[in-house]
Amino acid sequence: MALQGWRLCGVTVTIVIYIGGVLFLSMNNVPGSHPRRIRTERFAEFPNYRNQKHGINQKMTIRWCKELRYMQPELPAEPADAASEFNNPNISDNDDNTKTGLTALASFPGSGNTWLRYLLQQSTGILTGSIYKDYGLLKTGFPGENVCNSSVLLVKTHEWGPKAWAPFSKAILLVRDPEKAIIAEFNRQSGGHVGFASPDRYKRTKGKYWQQFVTNKLRGWELMNLNWAKNFTGNVKIVFYDDLVNNVETVLRSILEFLEFPIDESLLKCALMRKEGIFRRKKRILAFDPYTPAMRANLEERKQYVFSVLGRTMTTTTN
């Protein structure tokens, strides 16, 4: 009798466990019972360090021709506030801080700004600054990120307008063919400084996202270059990216002369030997043309207009 009771008890426990398991699994498969996974898009204007897993990372090291230093070591404690949108620089309106002898390295994103900074740091041993704080660059050879004072050789900016110009007495305007610059910026926003956007990014939302991206960036490219070239009251040196690629030494010498920085021939020779570095994105050929005929026509029209204003009517095409 006792044995039958234990058997009945065992069967009952088994049934209870089985029913409990079924109920538990059912509850965990009810739609909406799980916390929704947030999809993260990597298309921010200036991606944070978590998005730098593409391309540059902390394992990448740079062999510098000379240990980098600030021109005035006592000054770097006063970094610039980072701006996050075009034409919206977080720079003070106080005119007392204007025209302090700073040189801007101005360019539309994707125009080779980081590579030129690399070349200048190699050929001078002096740090370059930036109005932004790009953590990927900060960790891989640009400790002058977010520094905007006379302790650095020059200061990177993608902004334009009176507030953006205020701290600078002269500027180097780096200009690239918009077709290449827009592609490079699209790759940077999706794949970091040396990575690439996956092909399906171009086809996102049936190509509408890419089409709008090109329209917006082409307008920004035109405004950026024309505003610095025509409205900045300081001395401007225009450098075309194609010229830099095709004749690094000549262009680099001319930039150093513009900066009134003495040329160290041994450093310059070293910089030329290491000119590629890690900051030039390698060439990649897509299996399709991301630009439609209408896009290309618009790109060519705006390029010819801007280049003519900048005094360049004939261009070469360089990736």
# chains A, B, ... in the order shown; residues from 1 in each chain; ligands from 1
>>> residues_around(residues="A:Gln121", least_positions_apart="6", cutoff="12 Å", atoms="only C-alpha atoms", output="PyMOL selection string")
chain A and resi 62-71+114-115+127-129+141-144+152-154+252+256+267-268+270-272+274-275+277
>>> write_last_selection(atoms="C-alpha atoms", output="PDB file, in the first residue's frame")
ATOM      1  CA  ILE A  62      52.634  53.956 -36.186  1.00  0.00           C
ATOM      2  CA  ARG A  63      56.381  54.260 -36.569  1.00  0.00           C
ATOM      3  CA  TRP A  64      56.984  57.957 -36.174  1.00  0.00           C
ATOM      4  CA  CYS A  65      60.083  59.503 -37.711  1.00  0.00           C
ATOM      5  CA  LYS A  66      60.537  61.467 -34.497  1.00  0.00           C
ATOM      6  CA  GLU A  67      58.835  61.411 -31.122  1.00  0.00           C
ATOM      7  CA  LEU A  68      55.840  63.714 -31.393  1.00  0.00           C
ATOM      8  CA  ARG A  69      55.607  66.795 -29.183  1.00  0.00           C
ATOM      9  CA  TYR A  70      53.599  69.967 -28.734  1.00  0.00           C
ATOM     10  CA  MET A  71      55.120  73.245 -29.881  1.00  0.00           C
ATOM     11  CA  THR A 114      43.660  62.591 -41.608  1.00  0.00           C
ATOM     12  CA  TRP A 115      46.288  61.452 -44.091  1.00  0.00           C
ATOM     13  CA  LEU A 127      51.295  67.310 -33.134  1.00  0.00           C
ATOM     14  CA  THR A 128      48.279  68.525 -35.077  1.00  0.00           C
ATOM     15  CA  GLY A 129      45.015  69.463 -33.377  1.00  0.00           C
ATOM     16  CA  GLY A 141      48.559  58.554 -33.141  1.00  0.00           C
ATOM     17  CA  PHE A 142      46.700  61.839 -32.732  1.00  0.00           C
ATOM     18  CA  PRO A 143      46.860  62.838 -29.040  1.00  0.00           C
ATOM     19  CA  GLY A 144      46.214  66.417 -30.159  1.00  0.00           C
ATOM     20  CA  VAL A 152      49.713  72.371 -32.244  1.00  0.00           C
ATOM     21  CA  LEU A 153      50.894  72.831 -35.812  1.00  0.00           C
ATOM     22  CA  LEU A 154      47.385  73.354 -37.212  1.00  0.00           C
ATOM     23  CA  LEU A 252      54.250  68.910 -48.552  1.00  0.00           C
ATOM     24  CA  LEU A 256      55.428  73.678 -44.632  1.00  0.00           C
ATOM     25  CA  LEU A 267      62.430  64.216 -41.339  1.00  0.00           C
ATOM     26  CA  LEU A 268      60.928  65.026 -44.718  1.00  0.00           C
ATOM     27  CA  CYS A 270      61.579  59.815 -43.578  1.00  0.00           C
ATOM     28  CA  ALA A 271      58.003  61.055 -44.009  1.00  0.00           C
ATOM     29  CA  LEU A 272      58.166  60.353 -47.741  1.00  0.00           C
ATOM     30  CA  ARG A 274      56.493  56.216 -44.773  1.00  0.00           C
ATOM     31  CA  LYS A 275      53.964  58.278 -46.694  1.00  0.00           C
ATOM     32  CA  GLY A 277      50.938  54.967 -43.200  1.00  0.00           C
TER      33      GLY A 277
END
>>> residues_around(residues="A:Met224", least_positions_apart="4", cutoff="10 Å", atoms="only C-alpha atoms", output="ChimeraX atom specification")
/A:86-87,106-109,158-161,173,175,218-220,228-229
>>> closest_residue(among="A:Val239, A:Ile183, A:Leu310, A:Leu226", to="A:Pro290", atoms="only C-alpha atoms")
A:Ile183
>>> closest_residue(among="A:Pro167, A:Val214, A:Ser254, A:Asn246", to="A:Phe232", atoms="only C-alpha atoms")
A:Pro167
>>> closest_residue(among="A:Asn247, A:Thr103, A:Thr313, A:Thr292", to="A:Asn235", atoms="only C-alpha atoms")
A:Thr103
>>> select_by_dssp(residues="stretch 161-264 of chain A", states="strand (DSSP E or B)", output="PyMOL selection string")
chain A and resi 168-175+235-240
>>> select_by_dssp(residues="stretch 229-263 of chain A", states="helix (DSSP H, G or I)", output="ChimeraX atom specification")
/A:229-231,241-246,248-258
>>> closest_residue(among="A:Glu300, A:Glu257, A:Val248, A:Pro162", to="A:Lys269", atoms="only C-alpha atoms")
A:Val248
>>> atom_distance(atom1="atom CA of A:Trp221", atom2="atom CA of A:Thr124")
29.4 Å
>>> closest_residue(among="A:Ala184, A:Arg296, A:Asn225, A:Tyr291", to="A:Ser308", atoms="only C-alpha atoms")
A:Asn225
